[in-house]
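K.L.:
Sharing start_37.txt, compact mmCIF, C-alpha atoms:
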# COMPACT_ATOMS: atom_id res chain seq x y z
CA MET A 1113 85.12 45.41 54.86
CA TYR A 1114 82.84 43.09 52.88
CA GLN A 1115 81.50 41.83 56.20
CA GLN A 1116 80.67 45.37 57.38
CA VAL A 1117 78.96 46.32 54.12
CA LEU A 1118 76.80 43.20 54.15
CA LEU A 1119 75.87 43.76 57.80
CA LEU A 1120 74.82 47.34 57.13
CA GLU A 1121 72.88 46.29 54.03
CA LEU A 1122 70.98 43.75 56.09
CA LEU A 1123 70.23 46.18 58.90
CA ALA A 1124 69.04 48.82 56.46
CA LYS A 1125 66.45 46.48 54.99
CA GLY A 1126 64.18 47.24 57.96
CA ASP A 1127 60.82 45.53 58.10
CA ASP A 1128 61.44 43.30 55.09
CA MET A 1129 64.29 41.61 56.85
CA ASP A 1130 63.86 38.49 58.94
CA ILE A 1131 62.78 39.93 62.31
CA GLN A 1132 64.78 37.39 64.28
CA LEU A 1133 67.91 38.07 62.26
CA LYS A 1134 67.57 41.83 62.74
CA ARG A 1135 66.92 41.34 66.44
CA GLY A 1136 70.06 39.26 66.80
CA LEU A 1137 72.12 41.76 64.81
CA LEU A 1138 70.92 44.68 66.91
CA GLU A 1139 71.75 42.82 70.11
CA VAL A 1140 75.30 42.29 68.89
CA CYS A 1141 75.54 45.94 67.77
CA VAL A 1142 74.50 47.11 71.26
CA LEU A 1143 77.03 44.74 72.84
CA THR A 1144 79.73 46.08 70.52
CA VAL A 1145 79.00 49.63 71.66
CA LEU A 1146 79.22 48.46 75.28
CA ALA A 1147 82.43 46.55 74.61
CA LYS A 1148 84.12 49.91 73.95
CA GLU A 1149 82.84 51.57 77.13
CA ASP A 1150 80.00 51.44 79.64
CA SER A 1151 77.10 53.47 78.34
CA TYR A 1152 73.48 54.57 78.92
CA GLY A 1153 70.32 54.38 76.79
CA TYR A 1154 70.47 57.70 74.98
CA LYS A 1155 74.20 57.46 74.25
CA ILE A 1156 73.87 53.90 72.92
CA VAL A 1157 71.20 55.11 70.48
CA LYS A 1158 73.40 58.05 69.45
CA ASP A 1159 76.47 55.85 68.95
CA LEU A 1160 74.49 53.32 66.95
CA SER A 1161 72.69 55.93 64.87
CA GLU A 1162 75.98 56.61 63.06
CA HIS A 1163 75.58 53.14 61.55
CA ILE A 1164 71.90 52.22 61.77
CA GLU A 1165 68.61 53.94 62.50
CA ILE A 1166 67.40 52.70 65.87
CA ALA A 1167 64.72 54.16 68.11
CA GLU A 1168 64.89 54.35 71.89
CA SER A 1169 61.76 52.21 72.05
CA THR A 1170 63.56 49.51 70.03
CA LEU A 1171 66.58 49.67 72.30
CA TYR A 1172 64.65 49.17 75.54
CA PRO A 1173 63.53 45.55 74.91
CA ILE A 1174 67.01 44.74 73.60
CA LEU A 1175 68.65 46.00 76.80
CA LYS A 1176 66.09 44.08 78.86
CA ARG A 1177 66.81 40.86 76.97
CA LEU A 1178 70.57 41.33 77.28
CA GLU A 1179 70.16 41.89 81.01
CA ALA A 1180 67.99 38.78 81.33
CA GLN A 1181 70.56 36.75 79.38
CA ASP A 1182 73.28 37.93 81.78
CA CYS A 1183 75.13 39.61 78.91
CA VAL A 1184 75.12 43.02 80.61
CA SER A 1185 74.99 44.34 84.14
CA VAL A 1186 73.54 47.67 85.24
CA TYR A 1187 74.52 50.33 87.73
CA MET A 1188 73.31 53.80 88.56
CA VAL A 1189 75.31 57.00 88.33
CA GLU A 1190 74.14 60.35 89.63
CA HIS A 1191 74.06 62.95 86.90
CA ASN A 1192 72.65 66.50 87.20
CA SER A 1193 70.67 65.58 90.33
CA ARG A 1194 69.09 62.53 88.73
CA LEU A 1195 70.03 58.90 88.33
CA ARG A 1196 71.27 57.55 85.06
CA LYS A 1197 71.30 53.81 84.34
CA TYR A 1198 74.59 52.56 82.91
CA TYR A 1199 75.05 49.22 81.15
CA LYS A 1200 78.28 47.24 81.37
CA ILE A 1201 79.13 44.26 79.16
CA LYS A 1202 79.76 40.95 80.95
CA GLN A 1203 81.75 37.88 79.90
CA GLN A 1204 78.59 36.27 78.49
CA GLY A 1205 78.08 39.34 76.30
CA LYS A 1206 81.65 39.19 75.00
CA GLU A 1207 81.14 35.52 74.16
CA LYS A 1208 77.96 36.40 72.31
CA ILE A 1209 79.95 38.80 70.09
CA HIS A 1210 82.51 36.05 69.38
CA ASP A 1211 79.76 33.51 68.62
CA PHE A 1212 78.18 36.00 66.24
CA LEU A 1213 81.48 36.59 64.42
CA ASN A 1214 82.09 32.84 64.08
CA ASP A 1215 78.57 32.15 62.80
CA TRP A 1216 78.80 35.12 60.48
CA GLU A 1217 81.84 33.66 58.72
CA SER A 1218 79.78 30.73 57.46
CA VAL A 1219 76.86 33.01 56.48
CA LEU A 1220 79.29 35.20 54.53
CA ALA A 1221 80.70 32.20 52.70
CA LEU A 1222 77.17 31.16 51.74
CA HIS A 1223 76.27 34.70 50.68
CA LYS A 1224 79.34 34.89 48.48
CA PHE A 1225 78.51 31.50 46.95
CA VAL A 1226 74.89 32.50 46.22
CA LYS A 1227 75.94 35.89 44.86
CA GLU A 1228 78.48 34.35 42.51
CA GLY A 1229 75.86 31.83 41.39
CA ALA A 1230 73.35 34.61 40.69
CA GLU A 1231 75.92 36.66 38.77
CA TYR A 1232 76.89 33.59 36.72
CA GLU A 1233 73.27 33.23 35.49
CA MET B 1118 52.47 66.24 74.78
CA ASN B 1119 54.92 66.96 77.62
CA LYS B 1120 57.00 64.52 79.66
CA SER B 1121 54.54 63.97 82.53
CA GLU B 1122 51.63 63.46 80.12
CA PHE B 1123 53.64 60.94 78.12
CA LEU B 1124 54.69 59.00 81.22
CA ALA B 1125 51.14 59.05 82.62
CA GLU B 1126 49.73 57.69 79.36
CA LEU B 1127 52.44 55.03 79.15
CA ALA B 1128 51.72 53.99 82.74
CA THR B 1129 48.02 53.61 81.90
CA LYS B 1130 48.78 51.46 78.86
CA LEU B 1131 51.22 49.30 80.82
CA ASN B 1132 49.01 48.75 83.85
CA ALA B 1133 48.73 45.04 83.05
CA LEU B 1134 52.46 44.63 83.70
CA PRO B 1135 53.90 43.95 87.17
CA GLN B 1136 54.56 47.20 89.05
CA SER B 1137 58.36 46.70 89.02
CA GLU B 1138 58.41 46.21 85.22
CA MET B 1139 56.26 49.27 84.71
CA ASN B 1140 58.51 51.38 86.98
CA LYS B 1141 61.62 50.25 85.07
CA SER B 1142 60.02 51.21 81.78
CA LEU B 1143 58.88 54.62 83.06
CA ALA B 1144 62.36 55.28 84.51
CA TYR B 1145 63.95 54.38 81.14
CA TYR B 1146 61.74 56.75 79.14
CA SER B 1147 62.04 59.48 81.78
CA GLU B 1148 65.84 59.23 81.54
CA ILE B 1149 65.74 59.29 77.74
CA ILE B 1150 63.53 62.40 77.68
CA ASP B 1151 65.83 64.16 80.19
CA ASP B 1152 68.91 63.23 78.10
CA ARG B 1153 67.25 64.47 74.92
CA MET B 1154 66.40 67.77 76.60
CA GLU B 1155 69.95 68.06 77.91
CA ASP B 1156 71.08 67.59 74.34
CA GLY B 1157 69.18 70.74 73.35
CA MET B 1158 65.72 69.50 72.39
CA SER B 1159 62.55 71.12 73.68
CA GLU B 1160 60.40 69.00 76.00
CA VAL B 1161 57.73 68.52 73.34
CA ASP B 1162 60.27 67.52 70.68
CA ALA B 1163 61.98 65.15 73.09
CA VAL B 1164 58.67 63.42 73.79
CA CYS B 1165 57.41 63.42 70.19
CA GLY B 1166 60.65 61.90 68.95
CA LEU B 1167 60.03 58.79 71.02
CA GLY B 1168 57.11 57.78 68.80
CA ASN B 1169 53.59 56.63 69.43
CA VAL B 1170 52.84 55.72 73.08
CA GLU B 1171 50.47 52.96 72.01
CA GLU B 1172 53.13 51.29 69.85
CA ILE B 1173 55.72 51.57 72.63
CA ALA B 1174 53.30 50.01 75.12
CA GLN B 1175 52.33 47.30 72.62
CA GLU B 1176 55.96 46.33 72.05
CA GLU B 1177 56.59 46.11 75.77
CA MET B 1178 53.48 44.11 76.49
CA ILE B 1179 54.50 41.60 73.80
CA GLU B 1180 57.93 41.19 75.38
CA ALA B 1181 56.77 41.01 78.97
CA THR B 1182 53.53 39.03 78.89
CA PRO B 1183 53.67 35.24 78.66
CA LEU B 1184 51.34 33.77 76.02
CA PRO B 1185 49.10 31.77 78.44
CA LYS B 1186 48.36 34.98 80.37
CA LEU B 1187 47.01 36.52 77.16
CA ILE B 1188 44.92 33.50 76.23
CA ILE B 1189 43.39 32.81 79.65
CA PRO B 1190 41.16 35.72 80.73
CA SER B 1191 41.91 37.30 84.13
CA ARG B 1192 38.18 37.64 84.93
CA PRO B 1193 36.13 34.62 86.07
CA LEU B 1194 34.50 32.67 83.22
CA SER B 1195 30.74 32.90 82.73
CA LYS B 1196 28.59 29.73 82.87
CA LEU B 1197 28.05 29.86 79.11
CA GLU B 1198 31.81 30.10 78.49
CA ILE B 1199 32.45 27.13 80.80
CA VAL B 1200 29.82 25.03 78.96
CA LEU B 1201 31.24 26.02 75.56
CA LEU B 1202 34.76 25.24 76.76
CA PHE B 1203 33.61 21.83 78.02
CA ILE B 1204 31.88 21.01 74.70
CA CYS B 1205 34.89 22.12 72.66
CA SER B 1206 37.46 20.50 74.96
CA PRO B 1207 37.99 17.32 72.81
CA LEU B 1208 38.76 19.53 69.81
CA ILE B 1209 41.01 21.89 71.82
CA ILE B 1210 42.91 19.00 73.42
CA THR B 1211 43.37 17.26 70.04
CA LEU B 1212 44.62 20.49 68.46
CA LEU B 1213 47.04 21.15 71.32
CA ALA B 1214 48.29 17.56 71.18
CA LEU B 1215 48.83 17.85 67.42
CA ILE B 1216 50.79 21.09 67.78
CA LEU B 1217 52.83 19.61 70.63
CA ALA B 1218 53.52 16.40 68.68
CA PHE B 1219 54.62 18.36 65.62
CA TYR B 1220 56.86 20.62 67.66
CA ALA B 1221 58.36 17.68 69.58
CA THR B 1222 59.02 15.84 66.29
CA VAL B 1223 60.89 18.80 64.84
CA TRP B 1224 63.08 19.07 67.93
CA LEU B 1225 63.66 15.34 68.10
CA VAL B 1226 64.90 15.42 64.51
CA ILE B 1227 67.28 18.25 65.44
CA ILE B 1228 68.51 16.37 68.53
CA SER B 1229 68.99 13.21 66.41
CA LEU B 1230 71.03 15.21 63.90
CA PHE B 1231 73.25 16.53 66.70
CA LEU B 1232 73.68 13.01 68.07
CA LEU B 1233 74.46 11.64 64.60
CA ASP B 1234 77.03 14.39 64.14
CA PHE B 1235 78.55 13.61 67.54
CA SER B 1236 78.70 9.88 66.74
CA PHE B 1237 80.59 10.60 63.49
CA ALA B 1238 83.18 12.59 65.44
CA LEU B 1239 83.37 10.00 68.23
CA ALA B 1240 83.65 7.08 65.79
CA GLY B 1241 86.43 8.96 64.02
CA VAL B 1242 88.42 9.46 67.22
CA ALA B 1243 87.89 5.82 68.27
CA GLY B 1244 88.91 4.65 64.79
CA ILE B 1245 92.14 6.66 64.85
CA ILE B 1246 93.08 5.30 68.28
CA ALA B 1247 92.25 1.71 67.21
CA SER B 1248 94.21 2.00 63.96
CA ILE B 1249 97.31 3.32 65.80
CA VAL B 1250 97.11 0.70 68.57
CA ASP B 1251 96.60 -2.16 66.11
CA PHE B 1252 98.77 -0.73 63.31
CA ARG B 1253 101.35 -3.52 63.05
CA SER B 1254 98.95 -6.50 62.94
CA ASN B 1255 97.40 -5.46 59.58
CA ILE B 1256 98.98 -2.36 58.04
CA PRO B 1257 96.68 -1.90 54.95
CA ILE B 1258 93.48 -2.28 57.00
CA SER B 1259 94.85 0.02 59.72
CA LEU B 1260 95.73 2.65 57.09
CA LEU B 1261 92.25 2.39 55.57
CA MET B 1262 90.72 2.65 59.03
CA PHE B 1263 92.83 5.72 59.80
CA ILE B 1264 91.72 7.49 56.59
CA CYS B 1265 88.04 6.57 57.15
CA SER B 1266 88.28 7.85 60.74
CA LEU B 1267 89.68 11.18 59.53
CA ILE B 1268 86.81 11.44 57.03
CA SER B 1269 84.35 10.63 59.83
CA ILE B 1270 85.77 13.40 62.04
CA GLY B 1271 85.67 15.76 59.04
CA ILE B 1272 81.98 15.01 58.46
CA GLY B 1273 81.32 15.61 62.16
CA ILE B 1274 83.04 19.01 62.07
CA VAL B 1275 81.60 20.18 58.73
CA ALA B 1276 78.02 19.13 59.56
CA PHE B 1277 77.96 20.83 62.97
CA LYS B 1278 77.48 24.41 61.79
CA PRO B 1279 74.59 23.78 59.35
CA ILE B 1280 72.78 21.78 62.05
CA LYS B 1281 73.34 24.62 64.52
CA ILE B 1282 72.05 27.18 61.99
CA VAL B 1283 68.92 25.08 61.30
CA SER B 1284 68.17 24.72 65.04
CA ASN B 1285 68.64 28.47 65.55
CA LYS B 1286 66.28 29.13 62.64
CA ILE B 1287 63.61 26.87 64.12
CA LEU B 1288 63.98 28.57 67.48
CA GLY B 1289 63.69 31.95 65.74
CA LEU B 1290 60.61 30.82 63.83
CA THR B 1291 58.96 29.66 67.05
CA THR B 1292 59.64 33.03 68.72
CA TRP B 1293 58.27 34.80 65.64
CA VAL B 1294 55.04 32.76 65.67
CA VAL B 1295 54.54 33.33 69.43
CA LYS B 1296 55.24 37.06 69.00
CA ASN B 1297 52.67 37.36 66.22
CA ILE B 1298 50.01 35.52 68.22
CA LYS B 1299 50.76 37.81 71.18
CA LEU B 1300 50.57 40.88 68.93
CA LYS B 1301 47.10 39.90 67.72
CA LEU B 1302 45.86 39.23 71.26
CA ILE B 1303 47.37 42.44 72.66
CA ARG B 1304 45.90 44.58 69.86
CA LYS B 1305 42.49 43.34 70.93
CA ARG B 1306 43.16 44.36 74.52
CA LEU B 1307 44.74 47.82 74.03
Could you express the structure from this file as structure tokens?

P.N.:
Amino acid sequence: MYQQVLLLELLAKGDDMDIQLKRGLLEVCVLTVLAKEDSYGYKIVKDLSEHIEIAESTLYPILKRLEAQDCVSVYMVEHNSRLRKYYKIKQQGKEKIHDFLNDWESVLALHKFVKEGAEYE
Amino acid sequence: MNKSEFLAELATKLNALPQSEMNKSLAYYSEIIDDRMEDGMSEVDAVCGLGNVEEIAQEEMIEATPLPKLIIPSRPLSKLEIVLLFICSPLIITLLALILAFYATVWLVIISLFLLDFSFALAGVAGIIASIVDFRSNIPISLLMFICSLISIGIGIVAFKPIKIVSNKILGLTTWVVKNIKLKLIRKRL
């Protein structure tokens, strides 16, 4: 719970937040959506918007990077006489989520330590 | 602005990208607009909600264009530019060498830290094996060696994560610097 709250706090900080950190967090968020089911651009944005404000233009470079990193694969599905691009998480993507969770544990421990120190003052 | 106008403007702004990249981008935004309209939005609302075309194009150009391509002009250099480049070359080369040396130093320090960490872990494992093998010949020394080896492995394990975090931060900082340089160069072009 504490982990989720801290993550959402960080994501909500927008432009003030370390760009690289936010970028990494968003990548993991997208992978998490895809870990539940294969999805397409608009639906990913909709699913994520329940937790964080993200524009379609922000999602596009993220999906491109994840594809380049071999974290997701793509396939086309015909829908209403047009093609829709679906994204599917790959093993590399699942490992990225696990790496993030492991790294996050140590960040959380540091955050807790700093917070307690600040409250003590 | 309707869908075709948006896509035409985006295509114009992205004309510096390879054709395949541009097509992928146009297909993505076309799909998003169609999905938004299917969700009940009007065409104009679906397009407006995507944001400013210039900003979208700018973001994509930053991602897709390598830095050297932005620095080196695609047109042929004029004679004056070649002469100026030749005169300034010692300064440019020195500056590039300095940046490269600094960057290499930072990474060498990181690599050394990883190697140091690895040697702690390796020394620990070797120490444990040696203390077990040679346990009976000198029990107090073997016990001391065993404890020191455990401490050595502990240091190796504990120090790994901070070193990994620092190297990730440096990598992130490098990407951030490159992205900002690209942003400045692309703003001049768009």

K.L.:
Quick one: pull the distance between atom CA of Ser1121 of chain B and atom CA of Tyr1146 of chain B, Å, one decimal.

P.N.:
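Taking atom CA of Ser1121 of chain B and atom CA of Tyr1146 of chain B, their separation equals 10.7 Å.
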
K.L.:
Restricting the calculation to all atoms listed in the file, which member of B:Phe1231, B:Phe1123, B:Phe1203, B:Trp1293 is positioned closest to Leu1167 of chain B?

P.N.:
B:Phe1123

K.L.:
Give me the residues near segment 1190-1202 of chain A as a PyMOL selection string, where near means some atom within 9 Å (using all atoms listed in the file) and where sequence neighbours in that chain fewer than 2 positions away do not count.

P.N.:
(chain A and resi 1143-1144+1146-1147+1149-1153+1175+1179+1182-1188+1204-1207) or (chain B and resi 1145+1148)

K.L.:
With a distance threshold of 12 Å and counting all atoms listed in the file, extract the residues of chain B near chain A and express them as number ranges by chain.

P.N.:
B: 1138, 1141-1156, 1163-1181, 1275-1282, 1285-1294, 1296-1297

K.L.:
Let me see the file: selected residues, C-alpha atoms, as a PDB file, keeping the file's coordinate frame.

P.N.:
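Printed below is result_18.pdb as written:
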ATOM      1  CA  GLU B1138      58.410  46.210  85.220  1.00  0.00           C
ATOM      2  CA  LYS B1141      61.620  50.250  85.070  1.00  0.00           C
ATOM      3  CA  SER B1142      60.020  51.210  81.780  1.00  0.00           C
ATOM      4  CA  LEU B1143      58.880  54.620  83.060  1.00  0.00           C
ATOM      5  CA  ALA B1144      62.360  55.280  84.510  1.00  0.00           C
ATOM      6  CA  TYR B1145      63.950  54.380  81.140  1.00  0.00           C
ATOM      7  CA  TYR B1146      61.740  56.750  79.140  1.00  0.00           C
ATOM      8  CA  SER B1147      62.040  59.480  81.780  1.00  0.00           C
ATOM      9  CA  GLU B1148      65.840  59.230  81.540  1.00  0.00           C
ATOM     10  CA  ILE B1149      65.740  59.290  77.740  1.00  0.00           C
ATOM     11  CA  ILE B1150      63.530  62.400  77.680  1.00  0.00           C
ATOM     12  CA  ASP B1151      65.830  64.160  80.190  1.00  0.00           C
ATOM     13  CA  ASP B1152      68.910  63.230  78.100  1.00  0.00           C
ATOM     14  CA  ARG B1153      67.250  64.470  74.920  1.00  0.00           C
ATOM     15  CA  MET B1154      66.400  67.770  76.600  1.00  0.00           C
ATOM     16  CA  GLU B1155      69.950  68.060  77.910  1.00  0.00           C
ATOM     17  CA  ASP B1156      71.080  67.590  74.340  1.00  0.00           C
ATOM     18  CA  ALA B1163      61.980  65.150  73.090  1.00  0.00           C
ATOM     19  CA  VAL B1164      58.670  63.420  73.790  1.00  0.00           C
ATOM     20  CA  CYS B1165      57.410  63.420  70.190  1.00  0.00           C
ATOM     21  CA  GLY B1166      60.650  61.900  68.950  1.00  0.00           C
ATOM     22  CA  LEU B1167      60.030  58.790  71.020  1.00  0.00           C
ATOM     23  CA  GLY B1168      57.110  57.780  68.800  1.00  0.00           C
ATOM     24  CA  ASN B1169      53.590  56.630  69.430  1.00  0.00           C
ATOM     25  CA  VAL B1170      52.840  55.720  73.080  1.00  0.00           C
ATOM     26  CA  GLU B1171      50.470  52.960  72.010  1.00  0.00           C
ATOM     27  CA  GLU B1172      53.130  51.290  69.850  1.00  0.00           C
ATOM     28  CA  ILE B1173      55.720  51.570  72.630  1.00  0.00           C
ATOM     29  CA  ALA B1174      53.300  50.010  75.120  1.00  0.00           C
ATOM     30  CA  GLN B1175      52.330  47.300  72.620  1.00  0.00           C
ATOM     31  CA  GLU B1176      55.960  46.330  72.050  1.00  0.00           C
ATOM     32  CA  GLU B1177      56.590  46.110  75.770  1.00  0.00           C
ATOM     33  CA  MET B1178      53.480  44.110  76.490  1.00  0.00           C
ATOM     34  CA  ILE B1179      54.500  41.600  73.800  1.00  0.00           C
ATOM     35  CA  GLU B1180      57.930  41.190  75.380  1.00  0.00           C
ATOM     36  CA  ALA B1181      56.770  41.010  78.970  1.00  0.00           C
ATOM     37  CA  VAL B1275      81.600  20.180  58.730  1.00  0.00           C
ATOM     38  CA  ALA B1276      78.020  19.130  59.560  1.00  0.00           C
ATOM     39  CA  PHE B1277      77.960  20.830  62.970  1.00  0.00           C
ATOM     40  CA  LYS B1278      77.480  24.410  61.790  1.00  0.00           C
ATOM     41  CA  PRO B1279      74.590  23.780  59.350  1.00  0.00           C
ATOM     42  CA  ILE B1280      72.780  21.780  62.050  1.00  0.00           C
ATOM     43  CA  LYS B1281      73.340  24.620  64.520  1.00  0.00           C
ATOM     44  CA  ILE B1282      72.050  27.180  61.990  1.00  0.00           C
ATOM     45  CA  ASN B1285      68.640  28.470  65.550  1.00  0.00           C
ATOM     46  CA  LYS B1286      66.280  29.130  62.640  1.00  0.00           C
ATOM     47  CA  ILE B1287      63.610  26.870  64.120  1.00  0.00           C
ATOM     48  CA  LEU B1288      63.980  28.570  67.480  1.00  0.00           C
ATOM     49  CA  GLY B1289      63.690  31.950  65.740  1.00  0.00           C
ATOM     50  CA  LEU B1290      60.610  30.820  63.830  1.00  0.00           C
ATOM     51  CA  THR B1291      58.960  29.660  67.050  1.00  0.00           C
ATOM     52  CA  THR B1292      59.640  33.030  68.720  1.00  0.00           C
ATOM     53  CA  TRP B1293      58.270  34.800  65.640  1.00  0.00           C
ATOM     54  CA  VAL B1294      55.040  32.760  65.670  1.00  0.00           C
ATOM     55  CA  LYS B1296      55.240  37.060  69.000  1.00  0.00           C
ATOM     56  CA  ASN B1297      52.670  37.360  66.220  1.00  0.00           C
TER      57      ASN B1297
END

K.L.:
Just to confirm, what's the straight-line distance from atom CA of Lys1158 of chain A to atom CA of Val1140 of chain A in Å (one decimal)?

P.N.:
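Atom CA of Val1140 of chain A lies 15.9 Å from atom CA of Lys1158 of chain A.
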
K.L.:
Please indicate the distance in Å from atom CA of Phe1252 of chain B to atom CA of Leu1232 of chain B, rounded to one decimal place.

P.N.:
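So the two atoms, atom CA of Phe1252 of chain B and atom CA of Leu1232 of chain B, lie 29.0 Å apart.
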
K.L.:
Report, as JSON, the centre and edge lengths in Å (one decimal) of the axis-aligned box enclosing every listed atom of segment 1138-1147 of chain B, padded by 5 Å on each side.

P.N.:
{"center_x": 60.1, "center_y": 52.8, "center_z": 83.1, "size_x": 17.7, "size_y": 23.3, "size_z": 17.8}

K.L.:
Pick out the closest residue to Ile1245 of chain B from this set: B:Tyr1220, B:Pro1257, B:Ala1214, B:Cys1265. Count only C-alpha atoms.

P.N.:
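Selected residue with least distance to Ile1245 of chain B: B:Cys1265.
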